[in-house]
Amino acid sequence: MKINENTLLEGPRVVLVPYSEGHVPRYHEWMKSPELQQLTASEPLTLEQEFDMQRSWREDDDKCTFIILDKQRWADGVVEEEQCMLGDVNIFLTDPTDQTLAELEIMIAEPSSRGKGLGKEVTRMMMCYGVTKLGVKKFQAKIGLDNQVSVCQVFKEVTLELVVDESFHSRLLQEVATSVQERDYRQSCSSRQQRLPQ
């Protein structure tokens, strides 16, 4: 989605950046994992197909994707951005007749980063972005049955739904507004590049 092509969202422990070509090789390596393929209901792609997918996600009007970075590693500035990658988060506008309905998907691809509450932080950040920038009023999340929630026999997943009413909207903005900063991604990359060892 073009709206986030130059958006960086910085939270307490993660940084969300637009999914760019430089992220594709690492993303492609993650997606070779049978575990991640199962968890994301994905099929293996060639590297060329992965680059095509990244371009599609960047250009399509119904997909908003960010790569999740480890904030501490990224802020240190001593490693390339791709080495800070933890996963990705997406908002899909799933109904062309209702642009206020969105599916939220999160993948923490790095096993060592799971179970630390990063998904919760990313969820709040992305929900706030969806509500304030994309006009989302209802979120859906599909949860794999292995997460012990509920049942859809065909896809082996359950769909949860959250309607964004005024109370939730206010609470979300209060929780996230004080802890998340939106910045210019290109400008942040330029300053970060100056700090990287030559």
# chains A, B, ... in the order shown; residues from 1 in each chain; ligands from 1
>>> residues_around(residues="A:Val89", least_positions_apart="3", cutoff="6 Å", atoms="only C-alpha atoms", output="PyMOL selection string")
chain A and resi 65-66+105-106
>>> write_last_selection(atoms="C-alpha atoms", output="PDB file, in the first residue's frame")
ATOM      1  CA  THR A  65       2.524  -4.388   5.291  1.00  0.00           C
ATOM      2  CA  PHE A  66       5.286  -3.503   7.725  1.00  0.00           C
ATOM      3  CA  GLU A 105      -2.077 -10.749  10.550  1.00  0.00           C
ATOM      4  CA  ILE A 106       1.150 -10.916  12.515  1.00  0.00           C
TER       5      ILE A 106
END
>>> select_by_dssp(residues="chain A", states="alpha helix (DSSP H)", output="ChimeraX atom specification")
/A:24-30,34-40,47-59,71-76,118-133,166-177,185-195
>>> write_last_selection(atoms="C-alpha atoms", output="short mmCIF file (atom, residue, chain, number, x, y, z; two decimals), in the first residue's frame")
data_model
loop_
_atom_site.label_atom_id
_atom_site.label_comp_id
_atom_site.auth_asym_id
_atom_site.auth_seq_id
_atom_site.Cartn_x
_atom_site.Cartn_y
_atom_site.Cartn_z
CA VAL A 24 12.94 -9.99 0.65
CA PRO A 25 15.97 -12.33 0.89
CA ARG A 26 15.62 -12.71 4.68
CA TYR A 27 11.84 -13.01 4.41
CA HIS A 28 12.31 -15.69 1.74
CA GLU A 29 14.62 -17.66 4.05
CA TRP A 30 12.01 -17.53 6.82
CA PRO A 34 7.64 -25.76 7.13
CA GLU A 35 6.54 -24.44 10.55
CA LEU A 36 6.04 -20.88 9.25
CA GLN A 37 4.38 -22.17 6.09
CA GLN A 38 1.89 -24.04 8.25
CA LEU A 39 1.36 -21.15 10.69
CA THR A 40 0.77 -18.66 7.87
CA LEU A 47 12.96 -15.92 -4.57
CA GLU A 48 11.68 -14.32 -7.79
CA GLN A 49 8.06 -15.00 -6.73
CA GLU A 50 8.82 -13.50 -3.31
CA PHE A 51 10.10 -10.30 -4.98
CA ASP A 52 6.90 -10.21 -7.08
CA MET A 53 4.83 -10.65 -3.92
CA GLN A 54 6.68 -7.80 -2.18
CA ARG A 55 6.01 -5.48 -5.14
CA SER A 56 2.35 -6.53 -5.15
CA TRP A 57 1.97 -5.85 -1.43
CA ARG A 58 3.64 -2.47 -1.89
CA GLU A 59 1.43 -1.43 -4.82
CA LYS A 71 14.27 -1.77 18.15
CA GLN A 72 17.42 -2.17 20.22
CA ARG A 73 19.44 -3.78 17.40
CA TRP A 74 18.09 -1.28 14.90
CA ALA A 75 18.79 1.73 17.13
CA ASP A 76 22.35 0.56 17.85
CA LEU A 118 6.17 -8.35 20.95
CA GLY A 119 3.10 -9.55 19.05
CA LYS A 120 0.88 -7.70 21.51
CA GLU A 121 2.86 -4.49 21.05
CA VAL A 122 2.76 -4.84 17.26
CA THR A 123 -0.99 -5.57 17.33
CA ARG A 124 -1.73 -2.37 19.22
CA MET A 125 0.54 -0.32 16.96
CA MET A 126 -1.00 -1.72 13.79
CA MET A 127 -4.57 -1.41 15.04
CA CYS A 128 -3.95 2.24 15.88
CA TYR A 129 -2.44 2.79 12.43
CA GLY A 130 -5.40 1.07 10.80
CA VAL A 131 -7.95 3.13 12.72
CA THR A 132 -6.23 6.51 12.34
CA LYS A 133 -4.70 6.24 8.84
CA GLU A 166 -15.80 4.97 20.47
CA SER A 167 -14.73 3.43 23.77
CA PHE A 168 -12.21 1.08 22.14
CA HIS A 169 -11.00 3.83 19.80
CA SER A 170 -10.29 6.18 22.73
CA ARG A 171 -8.60 3.47 24.79
CA LEU A 172 -6.42 2.37 21.85
CA LEU A 173 -5.31 5.92 21.13
CA GLN A 174 -4.49 6.52 24.80
CA GLU A 175 -2.43 3.33 25.07
CA VAL A 176 -0.55 3.76 21.82
CA ALA A 177 -0.31 7.51 21.33
CA TYR A 185 11.41 6.20 7.05
CA ARG A 186 13.84 7.51 4.40
CA GLN A 187 15.17 10.18 6.73
CA SER A 188 15.62 7.62 9.53
CA CYS A 189 17.46 5.29 7.15
CA SER A 190 19.80 8.09 6.07
CA SER A 191 20.76 8.95 9.64
CA ARG A 192 21.14 5.26 10.47
CA GLN A 193 23.39 4.67 7.43
CA GLN A 194 25.72 7.38 8.66
CA ARG A 195 26.20 5.44 11.92
#
>>> atom_distance(atom1="atom CA of A:Met31", atom2="atom CA of A:Pro44")
6.7 Å
>>> select_by_dssp(residues="stretch 42-121 of chain A", states="strand (DSSP E)", output="list of chain:residue names")
A:Lys63, A:Cys64, A:Thr65, A:Phe66, A:Ile67, A:Ile68, A:Leu69, A:Asp70, A:Met85, A:Leu86, A:Gly87, A:Asp88, A:Val89, A:Asn90, A:Ile91, A:Phe92, A:Leu93, A:Leu101, A:Ala102, A:Glu103, A:Leu104, A:Glu105, A:Ile106, A:Met107, A:Ile108
>>> atom_distance(atom1="atom CA of A:Val136", atom2="atom CA of A:Glu21")
27.1 Å
>>> atom_distance(atom1="atom CA of A:Glu81", atom2="atom CA of A:Glu43")
25.9 Å
>>> closest_residue(among="A:Ser112, A:Gln99, A:Thr94, A:Ser179", to="A:Gln140", atoms="only C-alpha atoms")
A:Thr94
>>> closest_residue(among="A:Lys63, A:Lys137, A:Arg114, A:Arg13", to="A:Leu162", atoms="only C-alpha atoms")
A:Lys137
>>> residues_around(residues="A:Asp98", least_positions_apart="3", cutoff="12 Å", atoms="only C-alpha atoms", output="list in words")
Asp62, Phe92, Leu93, Thr94, Asp95, Leu101, Ala102, Gly135, Val136, Lys137, Lys138 and Phe139 of chain A
>>> write_last_selection(atoms="N, CA and C atoms", output="tab-separated table (two decimals), in the first residue's frame")
chain	number	residue	atom	x	y	z
A	62	ASP	N	-5.19	-2.72	-1.19
A	62	ASP	CA	-5.89	-3.43	-0.12
A	62	ASP	C	-4.97	-4.14	0.86
A	92	PHE	N	-5.09	-6.35	5.80
A	92	PHE	CA	-5.70	-6.62	4.51
A	92	PHE	C	-7.12	-6.08	4.54
A	93	LEU	N	-7.45	-5.22	3.60
A	93	LEU	CA	-8.82	-4.74	3.45
A	93	LEU	C	-9.53	-5.81	2.62
A	94	THR	N	-10.29	-6.66	3.30
A	94	THR	CA	-10.77	-7.90	2.70
A	94	THR	C	-12.08	-7.80	1.93
A	95	ASP	N	-12.80	-6.71	2.09
A	95	ASP	CA	-14.10	-6.60	1.45
A	95	ASP	C	-14.13	-5.32	0.60
A	101	LEU	N	-13.48	-2.71	6.94
A	101	LEU	CA	-13.26	-4.06	7.47
A	101	LEU	C	-11.85	-4.50	7.09
A	102	ALA	N	-11.08	-4.93	8.08
A	102	ALA	CA	-9.70	-5.33	7.82
A	102	ALA	C	-9.33	-6.60	8.58
A	135	GLY	N	-8.84	4.25	8.33
A	135	GLY	CA	-10.28	4.32	8.58
A	135	GLY	C	-10.93	3.00	8.93
A	136	VAL	N	-10.14	2.05	9.47
A	136	VAL	CA	-10.68	0.74	9.83
A	136	VAL	C	-11.63	0.88	11.02
A	137	LYS	N	-12.77	0.20	10.93
A	137	LYS	CA	-13.76	0.21	12.01
A	137	LYS	C	-14.04	-1.19	12.55
A	138	LYS	N	-13.54	-2.21	11.85
A	138	LYS	CA	-13.73	-3.58	12.33
A	138	LYS	C	-12.51	-4.40	11.91
A	139	PHE	N	-11.94	-5.11	12.89
A	139	PHE	CA	-10.79	-5.98	12.62
A	139	PHE	C	-11.19	-7.43	12.72
>>> closest_residue(among="A:Asp60, A:Glu182, A:Glu5, A:Asp70", to="A:Lys116", atoms="only C-alpha atoms")
A:Asp70
